[in-house]
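K.L.:
So here's data.cif, just mmCIF, C-alpha atoms:
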```
data_protein
#
loop_
_atom_site.label_atom_id
_atom_site.label_comp_id
_atom_site.auth_asym_id
_atom_site.auth_seq_id
_atom_site.Cartn_x
_atom_site.Cartn_y
_atom_site.Cartn_z
CA MET A 261 -108.62 130.05 105.15
CA ALA A 262 -108.85 127.14 107.54
CA PHE A 263 -105.55 125.47 106.64
CA SER A 264 -103.40 128.58 106.34
CA HIS A 265 -100.45 127.00 108.13
CA TYR A 266 -99.88 124.85 105.06
CA PRO A 267 -98.41 125.86 101.73
CA GLU A 268 -101.25 126.74 99.38
CA PRO A 269 -101.33 123.61 97.16
CA LEU A 270 -101.45 121.42 100.29
CA ALA A 271 -104.13 123.57 101.93
CA ARG A 272 -106.18 123.32 98.76
CA LEU A 273 -105.83 119.54 98.59
CA ILE A 274 -106.97 119.21 102.22
CA GLN A 275 -109.91 121.47 101.45
CA GLU A 276 -110.87 119.45 98.38
CA PHE A 277 -110.66 116.16 100.29
CA THR A 278 -113.23 117.42 102.79
CA ARG A 279 -115.80 117.36 99.97
CA LEU A 280 -115.79 113.56 100.11
CA PRO A 281 -118.35 111.85 102.35
CA GLY A 282 -117.09 110.93 105.81
CA VAL A 283 -113.95 113.00 105.38
CA GLY A 284 -113.59 115.70 108.03
CA PRO A 285 -110.67 118.11 108.39
CA LYS A 286 -108.53 115.61 110.33
CA THR A 287 -108.99 112.81 107.82
CA ALA A 288 -108.48 115.21 104.93
CA GLN A 289 -105.19 116.29 106.46
CA ARG A 290 -104.10 112.68 106.93
CA LEU A 291 -105.05 111.83 103.34
CA ALA A 292 -103.22 114.88 101.99
CA PHE A 293 -100.03 114.05 103.88
CA PHE A 294 -100.29 110.52 102.59
CA VAL A 295 -100.61 111.81 99.04
CA LEU A 296 -97.38 113.78 99.47
CA ARG A 297 -95.60 110.53 100.36
CA MET A 298 -97.14 108.55 97.48
CA GLU A 299 -95.27 107.95 94.23
CA GLU A 300 -95.99 110.77 91.79
CA ARG A 301 -97.12 108.20 89.24
CA ASP A 302 -99.75 106.83 91.63
CA VAL A 303 -101.06 110.30 92.49
CA MET A 304 -101.40 111.11 88.80
CA ALA A 305 -103.23 107.80 88.28
CA LEU A 306 -105.72 108.72 91.01
CA ALA A 307 -106.16 112.25 89.62
CA SER A 308 -106.82 111.02 86.11
CA ALA A 309 -109.10 108.22 87.33
CA LEU A 310 -111.22 110.87 89.03
CA ALA A 311 -111.42 113.03 85.94
CA ASP A 312 -112.04 110.04 83.65
CA ALA A 313 -114.75 108.49 85.78
CA LYS A 314 -116.59 111.79 85.99
CA ARG A 315 -116.25 112.54 82.28
CA LYS A 316 -116.78 109.10 80.76
CA ILE A 317 -119.43 107.54 82.97
CA GLY A 318 -123.04 108.25 82.18
CA ARG A 319 -126.32 106.39 82.34
CA CYS A 320 -127.39 103.71 79.88
CA SER A 321 -130.38 105.11 77.99
CA VAL A 322 -132.13 101.73 78.15
CA CYS A 323 -131.69 100.51 81.73
CA PHE A 324 -130.09 103.58 83.42
CA ASN A 325 -127.18 101.51 84.68
CA LEU A 326 -123.89 103.42 85.04
CA ALA A 327 -122.08 102.98 81.75
CA ASP A 328 -119.17 104.19 79.67
CA ALA A 329 -120.85 102.97 76.49
CA GLU A 330 -124.32 103.30 75.01
CA PRO A 331 -126.17 101.04 75.65
CA CYS A 332 -124.36 99.54 78.65
CA HIS A 333 -122.44 96.27 78.52
CA ILE A 334 -125.34 94.34 80.04
CA CYS A 335 -128.00 95.64 77.62
CA ARG A 336 -125.55 94.90 74.78
CA ASP A 337 -124.72 91.37 75.92
CA ALA A 338 -126.33 88.90 73.47
CA ARG A 339 -125.91 86.00 75.92
CA ARG A 340 -128.33 87.53 78.42
CA ASP A 341 -132.00 86.61 78.66
CA ARG A 342 -133.87 89.62 77.26
CA GLY A 343 -137.18 88.26 78.57
CA VAL A 344 -136.50 89.13 82.21
CA ILE A 345 -135.98 92.58 83.73
CA CYS A 346 -134.77 92.95 87.29
CA VAL A 347 -135.75 96.34 88.73
CA VAL A 348 -133.34 97.81 91.29
CA GLU A 349 -133.11 101.15 93.03
CA GLU A 350 -129.49 102.03 92.37
CA ALA A 351 -126.59 100.95 90.20
CA ASN A 352 -124.80 99.40 93.16
CA ASP A 353 -127.81 97.17 93.81
CA LEU A 354 -127.35 95.95 90.25
CA VAL A 355 -123.74 95.13 91.07
CA ALA A 356 -124.87 93.23 94.17
CA MET A 357 -127.22 91.16 91.98
CA GLU A 358 -124.48 90.53 89.43
CA LYS A 359 -122.19 89.24 92.16
CA THR A 360 -124.63 86.44 92.91
CA ARG A 361 -123.73 85.05 89.46
CA THR A 362 -127.20 83.50 89.31
CA TYR A 363 -129.06 86.14 87.35
CA ASN A 364 -128.78 86.29 83.60
CA GLY A 365 -131.51 88.73 82.57
CA LEU A 366 -131.51 92.47 82.04
CA TYR A 367 -131.92 95.27 84.56
CA HIS A 368 -133.75 98.50 85.08
CA VAL A 369 -132.26 101.03 87.50
CA LEU A 370 -134.86 103.37 89.02
CA GLU A 371 -132.30 105.82 90.41
CA GLY A 372 -134.17 105.98 93.65
CA ALA A 373 -137.25 104.79 95.53
CA LEU A 374 -140.54 106.42 96.38
CA SER A 375 -140.23 108.51 99.51
CA PRO A 376 -143.08 110.94 100.14
CA LEU A 377 -141.29 112.23 103.24
CA GLU A 378 -138.29 113.27 101.17
CA GLY A 379 -140.46 114.47 98.33
CA VAL A 380 -139.49 111.67 95.94
CA GLY A 381 -142.54 110.88 93.86
CA PRO A 382 -143.03 108.51 90.89
CA GLU A 383 -141.95 111.21 88.41
CA ALA A 384 -138.44 111.16 89.94
CA LEU A 385 -137.98 107.47 89.09
CA ARG A 386 -137.17 105.90 85.73
CA LEU A 387 -140.64 104.43 85.40
CA ALA A 388 -141.54 105.66 81.90
CA GLY A 389 -138.54 103.82 80.50
CA LEU A 390 -139.53 100.62 82.28
CA LEU A 391 -143.11 100.76 81.01
CA LYS A 392 -141.85 101.43 77.50
CA ARG A 393 -139.57 98.39 77.63
CA VAL A 394 -142.40 96.15 78.82
CA LYS A 395 -144.84 97.54 76.26
CA GLU A 396 -142.40 96.90 73.44
CA GLY A 397 -142.95 93.22 74.16
CA GLY A 398 -140.68 90.24 74.63
CA VAL A 399 -140.59 90.65 78.41
CA ARG A 400 -141.92 87.60 80.28
CA GLU A 401 -141.12 88.67 83.82
CA VAL A 402 -140.29 91.76 85.84
CA ILE A 403 -138.50 91.01 89.10
CA LEU A 404 -138.92 93.78 91.67
CA ALA A 405 -135.64 93.84 93.57
CA THR A 406 -136.03 97.18 95.33
CA ASN A 407 -134.66 97.22 98.88
CA PRO A 408 -136.61 95.53 101.70
CA THR A 409 -137.23 98.94 103.31
CA VAL A 410 -140.42 100.95 103.67
CA GLU A 411 -139.49 102.97 100.57
CA GLY A 412 -138.43 99.92 98.59
CA GLU A 413 -141.61 98.02 99.44
CA ALA A 414 -143.78 101.00 98.52
CA THR A 415 -141.92 101.35 95.25
CA ALA A 416 -142.34 97.65 94.45
CA MET A 417 -146.06 97.85 95.16
CA TYR A 418 -146.42 100.96 93.05
CA ILE A 419 -144.64 99.36 90.09
CA ALA A 420 -146.61 96.11 90.45
CA ARG A 421 -149.80 98.14 90.12
CA LEU A 422 -148.45 100.02 87.10
CA LEU A 423 -147.58 96.75 85.39
CA ARG A 424 -150.86 94.98 86.11
CA PRO A 425 -152.64 96.18 82.92
CA LEU A 426 -149.66 95.06 80.83
CA ASN A 427 -150.10 91.38 81.65
CA VAL A 428 -146.49 90.69 82.49
CA LYS A 429 -145.52 88.33 85.31
CA THR A 430 -144.33 90.53 88.18
CA THR A 431 -142.42 89.04 91.12
CA ARG A 432 -140.85 90.37 94.29
CA ILE A 433 -137.60 89.00 95.72
CA ALA A 434 -138.08 86.97 98.92
CA ARG A 435 -137.71 88.60 102.29
CA GLY A 436 -136.60 86.23 105.06
CA VAL A 437 -133.81 85.35 107.43
CA PRO A 438 -130.39 86.04 105.92
CA VAL A 439 -128.28 82.97 105.17
CA GLY A 440 -125.67 82.40 107.88
CA GLY A 441 -127.72 84.48 110.32
CA ASP A 442 -129.16 83.29 113.59
CA LEU A 443 -132.92 83.29 114.30
CA GLU A 444 -132.19 84.72 117.71
CA TYR A 445 -130.83 87.89 116.13
CA ALA A 446 -133.40 88.25 113.35
CA ASP A 447 -135.86 91.07 113.96
CA GLU A 448 -139.55 90.18 114.27
CA VAL A 449 -140.58 91.70 110.96
CA THR A 450 -137.96 89.70 109.06
CA LEU A 451 -138.89 86.53 110.92
CA ALA A 452 -142.59 87.11 110.24
CA ARG A 453 -141.77 87.53 106.55
CA ALA A 454 -139.67 84.38 106.59
CA LEU A 455 -142.60 82.43 108.07
CA GLU A 456 -145.09 83.94 105.64
CA GLY A 457 -142.81 83.07 102.70
CA ARG A 458 -142.19 79.48 103.81
CA ARG A 459 -142.12 76.75 101.18
CA GLU A 460 -142.78 73.08 101.20
CA MET A 461 -139.67 70.91 100.99
CA MET B 1464 -110.13 92.55 88.01
CA ALA B 1465 -111.90 92.88 91.34
CA PHE B 1466 -114.52 95.42 90.26
CA SER B 1467 -115.38 93.96 86.87
CA HIS B 1468 -119.10 94.52 87.31
CA TYR B 1469 -118.46 98.24 86.86
CA PRO B 1470 -117.67 100.11 83.66
CA GLU B 1471 -113.90 100.40 83.34
CA PRO B 1472 -113.41 104.07 84.34
CA LEU B 1473 -115.46 103.48 87.50
CA ALA B 1474 -113.64 100.24 88.33
CA ARG B 1475 -110.34 102.06 87.91
CA LEU B 1476 -111.42 104.92 90.19
CA ILE B 1477 -112.48 102.44 92.90
CA GLN B 1478 -109.14 100.67 92.52
CA GLU B 1479 -107.20 103.95 92.80
CA PHE B 1480 -109.16 105.00 95.89
CA THR B 1481 -108.09 101.84 97.69
CA ARG B 1482 -104.52 103.16 97.63
CA LEU B 1483 -105.47 105.76 100.24
CA PRO B 1484 -104.98 104.89 103.90
CA GLY B 1485 -108.04 103.50 105.67
CA VAL B 1486 -109.90 103.05 102.39
CA GLY B 1487 -110.96 99.45 101.77
CA PRO B 1488 -112.97 98.20 98.79
CA LYS B 1489 -116.34 99.15 100.36
CA THR B 1490 -115.29 102.71 101.17
CA ALA B 1491 -113.60 103.08 97.79
CA GLN B 1492 -116.86 102.05 96.13
CA ARG B 1493 -118.83 104.53 98.22
CA LEU B 1494 -116.38 107.33 97.43
CA ALA B 1495 -116.43 106.53 93.71
CA PHE B 1496 -120.23 106.56 93.56
CA PHE B 1497 -120.16 109.86 95.41
CA VAL B 1498 -117.72 111.27 92.86
CA LEU B 1499 -120.14 110.36 90.05
CA ARG B 1500 -122.81 112.44 91.77
CA MET B 1501 -120.49 115.42 92.41
CA GLU B 1502 -120.43 118.47 90.14
CA GLU B 1503 -117.92 117.95 87.34
CA ARG B 1504 -116.22 121.21 88.34
CA ASP B 1505 -115.67 119.94 91.89
CA VAL B 1506 -114.26 116.63 90.71
CA MET B 1507 -111.83 118.44 88.42
CA ALA B 1508 -110.84 120.70 91.34
CA LEU B 1509 -110.03 117.63 93.44
CA ALA B 1510 -108.12 115.99 90.59
CA SER B 1511 -106.02 119.06 89.93
CA ALA B 1512 -105.45 119.68 93.66
CA LEU B 1513 -104.00 116.17 93.87
CA ALA B 1514 -101.69 116.69 90.92
CA ASP B 1515 -100.68 120.19 92.06
CA ALA B 1516 -99.95 119.24 95.64
CA LYS B 1517 -97.79 116.35 94.52
CA ARG B 1518 -95.93 118.38 91.91
CA LYS B 1519 -95.49 121.68 93.70
CA ILE B 1520 -94.86 120.69 97.29
CA GLY B 1521 -91.33 119.88 98.32
CA ARG B 1522 -89.16 120.31 101.40
CA CYS B 1523 -87.61 123.59 102.48
CA SER B 1524 -83.83 123.16 102.14
CA VAL B 1525 -83.28 125.02 105.43
CA CYS B 1526 -85.82 123.57 107.87
CA PHE B 1527 -87.30 120.68 105.85
CA ASN B 1528 -90.83 121.94 106.34
CA LEU B 1529 -93.26 121.15 103.50
CA ALA B 1530 -93.12 124.09 101.14
CA ASP B 1531 -94.09 125.34 97.71
CA ALA B 1532 -91.30 127.92 97.78
CA GLU B 1533 -87.62 127.87 98.62
CA PRO B 1534 -87.00 128.59 101.45
CA CYS B 1535 -90.40 128.05 103.08
CA HIS B 1536 -92.67 130.90 104.19
CA ILE B 1537 -91.55 130.53 107.81
CA CYS B 1538 -87.79 130.63 107.09
CA ARG B 1539 -88.43 133.62 104.83
CA ASP B 1540 -90.53 135.55 107.36
CA ALA B 1541 -88.50 138.53 108.61
CA ARG B 1542 -90.81 139.02 111.60
CA ARG B 1543 -89.83 135.71 113.16
CA ASP B 1544 -87.17 135.32 115.82
CA ARG B 1545 -84.20 133.69 114.08
CA GLY B 1546 -82.52 132.98 117.41
CA VAL B 1547 -84.82 130.07 118.34
CA ILE B 1548 -85.23 126.78 116.51
CA CYS B 1549 -88.01 124.39 117.46
CA VAL B 1550 -87.20 120.81 116.45
CA VAL B 1551 -90.18 118.64 115.50
CA GLU B 1552 -90.52 115.17 114.02
CA GLU B 1553 -92.89 115.87 111.17
CA ALA B 1554 -94.37 118.78 109.26
CA ASN B 1555 -97.78 118.29 110.89
CA ASP B 1556 -96.16 118.70 114.31
CA LEU B 1557 -94.95 122.06 113.06
CA VAL B 1558 -98.51 122.95 112.13
CA ALA B 1559 -99.69 121.92 115.61
CA MET B 1560 -97.08 124.28 117.11
CA GLU B 1561 -98.13 127.09 114.76
CA LYS B 1562 -101.74 126.70 115.82
CA THR B 1563 -100.80 127.58 119.40
CA ARG B 1564 -100.00 131.11 118.08
CA THR B 1565 -97.48 131.45 120.89
CA TYR B 1566 -94.29 130.48 119.08
CA ASN B 1567 -92.51 132.96 116.89
CA GLY B 1568 -89.17 131.30 116.17
CA LEU B 1569 -88.01 129.05 113.36
CA TYR B 1570 -88.36 125.28 112.99
CA HIS B 1571 -86.40 122.23 112.04
CA VAL B 1572 -88.31 119.19 110.80
CA LEU B 1573 -86.45 115.91 111.40
CA GLU B 1574 -88.69 113.88 109.07
CA GLY B 1575 -88.88 111.13 111.65
CA ALA B 1576 -87.61 109.97 115.03
CA LEU B 1577 -84.99 107.48 116.10
CA SER B 1578 -86.43 103.99 116.14
CA PRO B 1579 -83.86 101.20 116.34
CA LEU B 1580 -86.66 98.60 116.11
CA GLU B 1581 -87.78 100.00 112.76
CA GLY B 1582 -84.23 100.55 111.62
CA VAL B 1583 -84.41 104.35 111.78
CA GLY B 1584 -80.97 105.57 112.84
CA PRO B 1585 -79.59 109.13 113.19
CA GLU B 1586 -78.51 109.17 109.52
CA ALA B 1587 -82.20 108.99 108.48
CA LEU B 1588 -82.99 112.26 110.29
CA ARG B 1589 -82.23 115.81 109.18
CA LEU B 1590 -79.55 116.24 111.86
CA ALA B 1591 -76.68 117.52 109.70
CA GLY B 1592 -78.81 120.47 108.62
CA LEU B 1593 -79.70 121.27 112.24
CA LEU B 1594 -76.05 121.18 113.36
CA LYS B 1595 -75.07 123.37 110.44
CA ARG B 1596 -77.71 125.96 111.35
CA VAL B 1597 -76.56 126.06 114.98
CA LYS B 1598 -72.86 126.22 114.00
CA GLU B 1599 -73.53 129.15 111.67
CA GLY B 1600 -74.32 131.10 114.83
CA GLY B 1601 -77.13 133.42 115.90
CA VAL B 1602 -79.12 130.60 117.51
CA ARG B 1603 -79.72 131.17 121.22
CA GLU B 1604 -82.00 128.23 121.92
CA VAL B 1605 -83.02 124.90 120.42
CA ILE B 1606 -86.39 123.66 121.68
CA LEU B 1607 -86.76 119.88 121.35
CA ALA B 1608 -90.44 119.33 120.56
CA THR B 1609 -90.27 115.73 119.42
CA ASN B 1610 -93.25 113.64 120.49
CA PRO B 1611 -93.57 112.45 124.11
CA THR B 1612 -93.11 108.84 122.97
CA VAL B 1613 -90.24 106.43 123.49
CA GLU B 1614 -88.88 107.31 120.04
CA GLY B 1615 -89.42 111.03 120.52
CA GLU B 1616 -87.70 111.04 123.92
CA ALA B 1617 -84.76 109.06 122.59
CA THR B 1618 -84.46 111.46 119.68
CA ALA B 1619 -84.56 114.49 121.98
CA MET B 1620 -81.85 112.98 124.19
CA TYR B 1621 -79.72 112.14 121.18
CA ILE B 1622 -79.97 115.69 119.79
CA ALA B 1623 -79.32 117.26 123.21
CA ARG B 1624 -76.06 115.28 123.36
CA LEU B 1625 -75.12 116.32 119.81
CA LEU B 1626 -75.69 119.98 120.67
CA ARG B 1627 -73.80 119.96 123.98
CA PRO B 1628 -70.38 120.83 122.47
CA LEU B 1629 -71.96 123.73 120.56
CA ASN B 1630 -72.88 125.66 123.68
CA VAL B 1631 -76.45 126.43 122.68
CA LYS B 1632 -79.29 126.41 125.22
CA THR B 1633 -81.26 123.23 124.59
CA THR B 1634 -84.72 122.76 126.10
CA ARG B 1635 -87.40 120.05 126.02
CA ILE B 1636 -91.12 120.82 125.96
CA ALA B 1637 -92.90 119.98 129.23
CA ARG B 1638 -94.63 116.66 129.66
CA GLY B 1639 -97.58 116.76 132.05
CA VAL B 1640 -101.34 116.42 132.39
CA PRO B 1641 -103.13 117.75 129.34
CA VAL B 1642 -105.18 120.90 129.88
CA GLY B 1643 -108.85 120.09 130.26
CA GLY B 1644 -108.02 116.51 131.17
CA ASP B 1645 -108.87 114.79 134.41
CA LEU B 1646 -106.19 113.44 136.77
CA GLU B 1647 -108.25 110.32 137.17
CA TYR B 1648 -107.75 109.47 133.52
CA ALA B 1649 -104.11 110.48 133.21
CA ASP B 1650 -101.76 107.52 132.95
CA GLU B 1651 -99.15 107.08 135.68
CA VAL B 1652 -96.19 107.99 133.50
CA THR B 1653 -97.77 111.30 132.49
CA LEU B 1654 -98.76 112.03 136.07
CA ALA B 1655 -95.26 111.22 137.31
CA ARG B 1656 -93.87 113.60 134.68
CA ALA B 1657 -96.34 116.29 135.73
CA LEU B 1658 -95.19 115.96 139.34
CA GLU B 1659 -91.55 115.96 138.36
CA GLY B 1660 -92.02 119.08 136.26
CA ARG B 1661 -93.97 121.01 138.92
CA ARG B 1662 -93.24 124.68 139.34
CA GLU B 1663 -93.56 127.12 142.18
CA MET B 1664 -96.46 129.54 141.87
#
```
Please render this file's structure as structure tokens.

P.N.:
Amino acid sequence: MAFSHYPEPLARLIQEFTRLPGVGPKTAQRLAFFVLRMEERDVMALASALADAKRKIGRCSVCFNLADAEPCHICRDARRDRGVICVVEEANDLVAMEKTRTYNGLYHVLEGALSPLEGVGPEALRLAGLLKRVKEGGVREVILATNPTVEGEATAMYIARLLRPLNVKTTRIARGVPVGGDLEYADEVTLARALEGRREM
Amino acid sequence: MAFSHYPEPLARLIQEFTRLPGVGPKTAQRLAFFVLRMEERDVMALASALADAKRKIGRCSVCFNLADAEPCHICRDARRDRGVICVVEEANDLVAMEKTRTYNGLYHVLEGALSPLEGVGPEALRLAGLLKRVKEGGVREVILATNPTVEGEATAMYIARLLRPLNVKTTRIARGVPVGGDLEYADEVTLARALEGRREM
């Protein structure tokens, strides 16, 4: 046992902490000692939050967003525009979109992106569900908001091709220079995309 | 609520993670998403390790080491030399000493060091217990292994003065250049100490 100088419950806590990403033995030890100094009430709150999150959170069967209800709060929300579906790779991308406070449609979470190198093919993504939603009708536009990476672009292109026979407007979010950035520091590919995507004003 | 775009159990987990040291909202979010991908069994193991460590770990009433038994496994160990007490600031310093595998005596954890600037006076340290142990007799030597910092040095000096009337040998661990280090990178104070503490060979 690696932490045998500690009493067993402490050694076990250190060990368990090392399961978390970016937490090595040193950090785990620091976290564990911190936990011993925390209020018991706060430690219990963290422990039960862990158990609750794991037990109660699943995927929405419609959009595959993380959810503690079925369907999720976004799919259920009557004030949202059901004619637009924004396709994202992961649930945290959905949260990033929500934070813009400018989007009022629905979502579809792919739970990944195409990556032949890592063996992620179309069957690993939530594509059947997306096609089903579009085929059911009522969808005017599908916004492809996969990441501006090689995998994200490939995924967007793949989905655009899938959707073509369904006659639904399919758009891709703009790639360009980030707001607040400096042209000097923008990479050439981004700058080229920004030029290509220029609009009259 | 800061994480209102997430289902409640997830938002709560993120919130609880931010209580840990060095964990800001971004890291908390990353950790929480990781937890959702972990095996349920592993999450439950972490949750119960947290609760157990907090509930079962206390301080040894003799040496104030962290312990899940009374007295701690070191104070209880009949193979250890009961004539030597090594005084350290915190329980993790004790672990550092144990890892050397060269010390076989007992310990005394002060739970801090004198720090007038932070309002830590002698009454905040576990000094009464140390004096009691020495007065009870059978102690040949007290090794002062407080940290080589201003606070640690002051604490060592303070304890040495307290112990003087008790006629027990009191020693201070050597300060010098760290093994494997390079003189070029040693600071002047350390180097001066190394010179001062030189020994014939």

K.L.:
Report the distance between CA of Ile334 (chain A) and CA of Val322 (chain A) in Å, rounded to one decimal place.

P.N.:
10.2 Å

K.L.:
Taking all atoms listed in the file into account and nothing else, which residues of chain A lie no more than 9 Å away from chain B? Please answer as a PDB file with C-alpha atoms, in the frame of the given file.

P.N.:
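Generated file (iface.pdb):
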```
ATOM      1  CA  HIS A 265    -100.450 127.000 108.130  1.00  0.00           C
ATOM      2  CA  TYR A 266     -99.880 124.850 105.060  1.00  0.00           C
ATOM      3  CA  PRO A 267     -98.410 125.860 101.730  1.00  0.00           C
ATOM      4  CA  GLU A 268    -101.250 126.740  99.380  1.00  0.00           C
ATOM      5  CA  PRO A 269    -101.330 123.610  97.160  1.00  0.00           C
ATOM      6  CA  LEU A 270    -101.450 121.420 100.290  1.00  0.00           C
ATOM      7  CA  ALA A 271    -104.130 123.570 101.930  1.00  0.00           C
ATOM      8  CA  ARG A 272    -106.180 123.320  98.760  1.00  0.00           C
ATOM      9  CA  LEU A 273    -105.830 119.540  98.590  1.00  0.00           C
ATOM     10  CA  ILE A 274    -106.970 119.210 102.220  1.00  0.00           C
ATOM     11  CA  GLN A 275    -109.910 121.470 101.450  1.00  0.00           C
ATOM     12  CA  GLU A 276    -110.870 119.450  98.380  1.00  0.00           C
ATOM     13  CA  PHE A 277    -110.660 116.160 100.290  1.00  0.00           C
ATOM     14  CA  ARG A 279    -115.800 117.360  99.970  1.00  0.00           C
ATOM     15  CA  LEU A 280    -115.790 113.560 100.110  1.00  0.00           C
ATOM     16  CA  PRO A 281    -118.350 111.850 102.350  1.00  0.00           C
ATOM     17  CA  GLN A 289    -105.190 116.290 106.460  1.00  0.00           C
ATOM     18  CA  ARG A 290    -104.100 112.680 106.930  1.00  0.00           C
ATOM     19  CA  LEU A 291    -105.050 111.830 103.340  1.00  0.00           C
ATOM     20  CA  ALA A 292    -103.220 114.880 101.990  1.00  0.00           C
ATOM     21  CA  PHE A 293    -100.030 114.050 103.880  1.00  0.00           C
ATOM     22  CA  PHE A 294    -100.290 110.520 102.590  1.00  0.00           C
ATOM     23  CA  VAL A 295    -100.610 111.810  99.040  1.00  0.00           C
ATOM     24  CA  LEU A 296     -97.380 113.780  99.470  1.00  0.00           C
ATOM     25  CA  ARG A 297     -95.600 110.530 100.360  1.00  0.00           C
ATOM     26  CA  MET A 298     -97.140 108.550  97.480  1.00  0.00           C
ATOM     27  CA  GLU A 299     -95.270 107.950  94.230  1.00  0.00           C
ATOM     28  CA  GLU A 300     -95.990 110.770  91.790  1.00  0.00           C
ATOM     29  CA  ASP A 302     -99.750 106.830  91.630  1.00  0.00           C
ATOM     30  CA  VAL A 303    -101.060 110.300  92.490  1.00  0.00           C
ATOM     31  CA  MET A 304    -101.400 111.110  88.800  1.00  0.00           C
ATOM     32  CA  ALA A 305    -103.230 107.800  88.280  1.00  0.00           C
ATOM     33  CA  LEU A 306    -105.720 108.720  91.010  1.00  0.00           C
ATOM     34  CA  ALA A 307    -106.160 112.250  89.620  1.00  0.00           C
ATOM     35  CA  SER A 308    -106.820 111.020  86.110  1.00  0.00           C
ATOM     36  CA  ALA A 309    -109.100 108.220  87.330  1.00  0.00           C
ATOM     37  CA  LEU A 310    -111.220 110.870  89.030  1.00  0.00           C
ATOM     38  CA  ALA A 311    -111.420 113.030  85.940  1.00  0.00           C
ATOM     39  CA  ASP A 312    -112.040 110.040  83.650  1.00  0.00           C
ATOM     40  CA  ALA A 313    -114.750 108.490  85.780  1.00  0.00           C
ATOM     41  CA  LYS A 314    -116.590 111.790  85.990  1.00  0.00           C
ATOM     42  CA  ARG A 315    -116.250 112.540  82.280  1.00  0.00           C
ATOM     43  CA  LYS A 316    -116.780 109.100  80.760  1.00  0.00           C
ATOM     44  CA  ILE A 317    -119.430 107.540  82.970  1.00  0.00           C
ATOM     45  CA  GLY A 318    -123.040 108.250  82.180  1.00  0.00           C
ATOM     46  CA  LEU A 326    -123.890 103.420  85.040  1.00  0.00           C
ATOM     47  CA  ALA A 327    -122.080 102.980  81.750  1.00  0.00           C
ATOM     48  CA  ASP A 328    -119.170 104.190  79.670  1.00  0.00           C
ATOM     49  CA  ALA A 329    -120.850 102.970  76.490  1.00  0.00           C
ATOM     50  CA  CYS A 332    -124.360  99.540  78.650  1.00  0.00           C
ATOM     51  CA  HIS A 333    -122.440  96.270  78.520  1.00  0.00           C
ATOM     52  CA  ASN A 352    -124.800  99.400  93.160  1.00  0.00           C
ATOM     53  CA  LEU A 354    -127.350  95.950  90.250  1.00  0.00           C
ATOM     54  CA  VAL A 355    -123.740  95.130  91.070  1.00  0.00           C
ATOM     55  CA  GLU A 358    -124.480  90.530  89.430  1.00  0.00           C
ATOM     56  CA  LYS A 359    -122.190  89.240  92.160  1.00  0.00           C
TER      57      LYS A 359
END
```

K.L.:
I need the residue set behind the PyMOL selection byres ((chain B and resi 1565-1580) around 9) for this file; please write it as a ChimeraX atom specification.

P.N.:
/B:1525-1528,1537-1538,1542-1554,1556-1557,1560-1564,1581-1585,1587-1590,1592-1593,1609-1610,1613-1619,1621

K.L.:
Could you please determine the separation between CA of Glu1604 (chain B) and CA of Ile1622 (chain B) in Å, to one decimal place?

P.N.:
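CA of Ile1622 (chain B) lies at a distance of 12.9 Å from CA of Glu1604 (chain B).
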
K.L.:
When the PyMOL selection byres ((chain A and resi 433) around 7) is applied to the file above, which residues end up in the set, as a VMD selection string?

P.N.:
chain A and resid 403 to 405 431 to 432 434 to 435

K.L.:
Just give me the gap between CA of Leu391 (chain A) and CA of Leu423 (chain A) in Å, one decimal is fine.

P.N.:
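Interatomic distance, CA of Leu391 (chain A) to CA of Leu423 (chain A): 7.4 Å.
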